[in-house]
Amino acid sequence: ANDGEDIRTGPSTSIAEALPEALPETQPKAKGKKASKNASKDAKNITAEDEGEVLAELEAEDDVTVDLEAFRSLWLQYVDDGGDPDRTAAGVDKQRIIDVVMDWLGTRYRFGGSDRSGIDCSAFTRMVYSNVAKVDLPRTAASQIGIGSPVSRRGTLQFGDLVFFHTRRHAYVSHVGIYLGDDLFAHASSRYGVTISSLQSTYYSKRLIGVRRITEQDVARLTNGNSKDAEQTDVN
């Protein structure tokens with residue numbers, strides 16, 4: 001939906017240059033009752049030191065700014081011009097994801113929050129997929145990285161992929177967002193609340209540790225009411 005206009009300001013490094021050629025392998029996910037037990041344990045033990053960005057590091061290294069108004073205008077123009085947003089690998093209309101993201105832009109960050117008064121990163125990704133596909137993702141970033149199919153090569157990221165970051169010393173997987181294409185991703189940032197950031201940013205490019213792709217099979221397994229793992233993972 002960019003149509004050639006660059007809505008980012010900052011270093012012009014491409015995603016192929018900014019990211020490692022191969023993303024790190026994530027730990028294999030547990031199955032069945034073990035997965036449910038581990039997800040529940042992770043959610044209960046998580047603290048504000050385990051998710052979100054460290055503000056001092058973010059302020060020092062987030063050197064690419066996304067013009068949110070330009071992004072909004074370009075997307076609306078794309079839709080008005082009859083552009084076909086197509087669907088994600090999960091079969092979800094991309095426009096539905098963008099609509100939810102746009103509706104929540106500016107919502108403040110609050111660790112453990114999951115509503116309009118404040119929301120954290122994993123609650124945001126969970127809310128988006130619940131709204132657009134009735135999918136119950138686990139409640140924490142550390143648990144969400146066990147969902148979907150791993151994406152191991154740079155340059156193969158697709159709209160709707162979950163992108164994971166190592167932003168905290170106490171937790172390897174500590175931040176998550178939703179990839180929107182053009183090196184951009186939507187997330188609940190500790191600094192800006194719900195926003196759109198760039199993977200070309202020094203801060204995010206060097207902390208990206210994994211990407212997972214939600215497929216139609218995952219949607220069928222995790223649809224509201226069918227998932228036993230997700231319903232036990234609330235932080236609150």
# chains A, B, ... in the order shown; residues from 1 in each chain; ligands from 1

$ closest_atom_pairs --of "stretch 203-223 of chain A" --to "stretch 145-169 of chain A" --cutoff "9 Å" --atoms "only C-alpha atoms" --output "JSON lines"
{"residue": "A:Tyr204", "atom": "CA", "partner": "A:Phe165", "partner_atom": "CA", "distance": 7.3}
{"residue": "A:Ser205", "atom": "CA", "partner": "A:Phe165", "partner_atom": "CA", "distance": 8.9}
{"residue": "A:Lys206", "atom": "CA", "partner": "A:Phe165", "partner_atom": "CA", "distance": 8.7}
{"residue": "A:Arg207", "atom": "CA", "partner": "A:Phe165", "partner_atom": "CA", "distance": 5.2}
{"residue": "A:Leu208", "atom": "CA", "partner": "A:Phe165", "partner_atom": "CA", "distance": 4.4}
{"residue": "A:Ile209", "atom": "CA", "partner": "A:Phe165", "partner_atom": "CA", "distance": 5.3}
{"residue": "A:Gly210", "atom": "CA", "partner": "A:Phe164", "partner_atom": "CA", "distance": 5.1}
{"residue": "A:Val211", "atom": "CA", "partner": "A:Val163", "partner_atom": "CA", "distance": 4.6}
{"residue": "A:Arg212", "atom": "CA", "partner": "A:Pro150", "partner_atom": "CA", "distance": 4.6}
{"residue": "A:Arg213", "atom": "CA", "partner": "A:Asp161", "partner_atom": "CA", "distance": 4.8}
{"residue": "A:Ile214", "atom": "CA", "partner": "A:Gly148", "partner_atom": "CA", "distance": 4.5}
{"residue": "A:Thr215", "atom": "CA", "partner": "A:Gly148", "partner_atom": "CA", "distance": 6.5}
{"residue": "A:Gln217", "atom": "CA", "partner": "A:Gly148", "partner_atom": "CA", "distance": 8.7}
{"residue": "A:Asp218", "atom": "CA", "partner": "A:Gly148", "partner_atom": "CA", "distance": 6.2}

$ residues_around --residues "A:Met102" --least-positions-apart "4" --cutoff "9 Å" --atoms "only C-alpha atoms" --output "tab-separated table (two decimals) with N, CA, C and O atoms, in the first residue's frame"
chain	number	residue	atom	x	y	z
A	72	ARG	N	-1.64	5.84	7.32
A	72	ARG	CA	-3.09	5.76	7.31
A	72	ARG	C	-3.65	6.25	5.98
A	72	ARG	O	-4.52	5.62	5.38
A	97	ILE	N	-7.19	-6.76	9.43
A	97	ILE	CA	-6.10	-6.57	10.39
A	97	ILE	C	-5.74	-5.10	10.47
A	97	ILE	O	-5.60	-4.54	11.57
A	98	ILE	N	-5.59	-4.46	9.32
A	98	ILE	CA	-5.24	-3.03	9.30
A	98	ILE	C	-6.32	-2.21	10.00
A	98	ILE	O	-6.01	-1.27	10.75
A	106	GLY	N	-2.40	4.52	19.17
A	106	GLY	CA	-2.37	5.53	20.22
A	106	GLY	C	-2.82	5.04	21.58
A	106	GLY	O	-2.65	5.74	22.59
A	195	THR	N	1.40	1.33	18.12
A	195	THR	CA	2.02	2.12	17.08
A	195	THR	C	2.51	1.22	15.96
A	195	THR	O	2.33	0.00	16.00

$ atom_distance --atom1 "atom CA of A:Tyr172" --atom2 "atom CA of A:Arg116"
27.6 Å

$ select_by_dssp --residues "stretch 25-224 of chain A" --states "alpha helix (DSSP H)" --output "number ranges by chain"
A: 32-45, 55-61, 68-80, 94-104, 121-133, 141-144, 202-205, 216-222

$ atom_distance --atom1 "atom CA of A:Arg96" --atom2 "atom CA of A:Leu184"
16.7 Å

$ closest_residue --among "A:Leu199, A:Leu180, A:Asp120, A:Ala90" --to "A:Thr223" --atoms "only C-alpha atoms"
A:Ala90

$ select_by_dssp --residues "stretch 41-185 of chain A" --states "strand (DSSP E)" --output "ChimeraX atom specification"
/A:65-66,114-115,118-119,149-150,162-165,175-181,184-185

$ closest_residue --among "A:Arg139, A:Arg191, A:Arg126, A:Arg108" --to "A:Ile178" --atoms "only C-alpha atoms"
A:Arg126

$ closest_residue --among "A:Ser174, A:Ser114, A:Ser143, A:Thr65" --to "A:Glu53" --atoms "only C-alpha atoms"
A:Ser174

$ atom_distance --atom1 "atom CA of A:Asn131" --atom2 "atom CA of A:Ser73"
22.8 Å
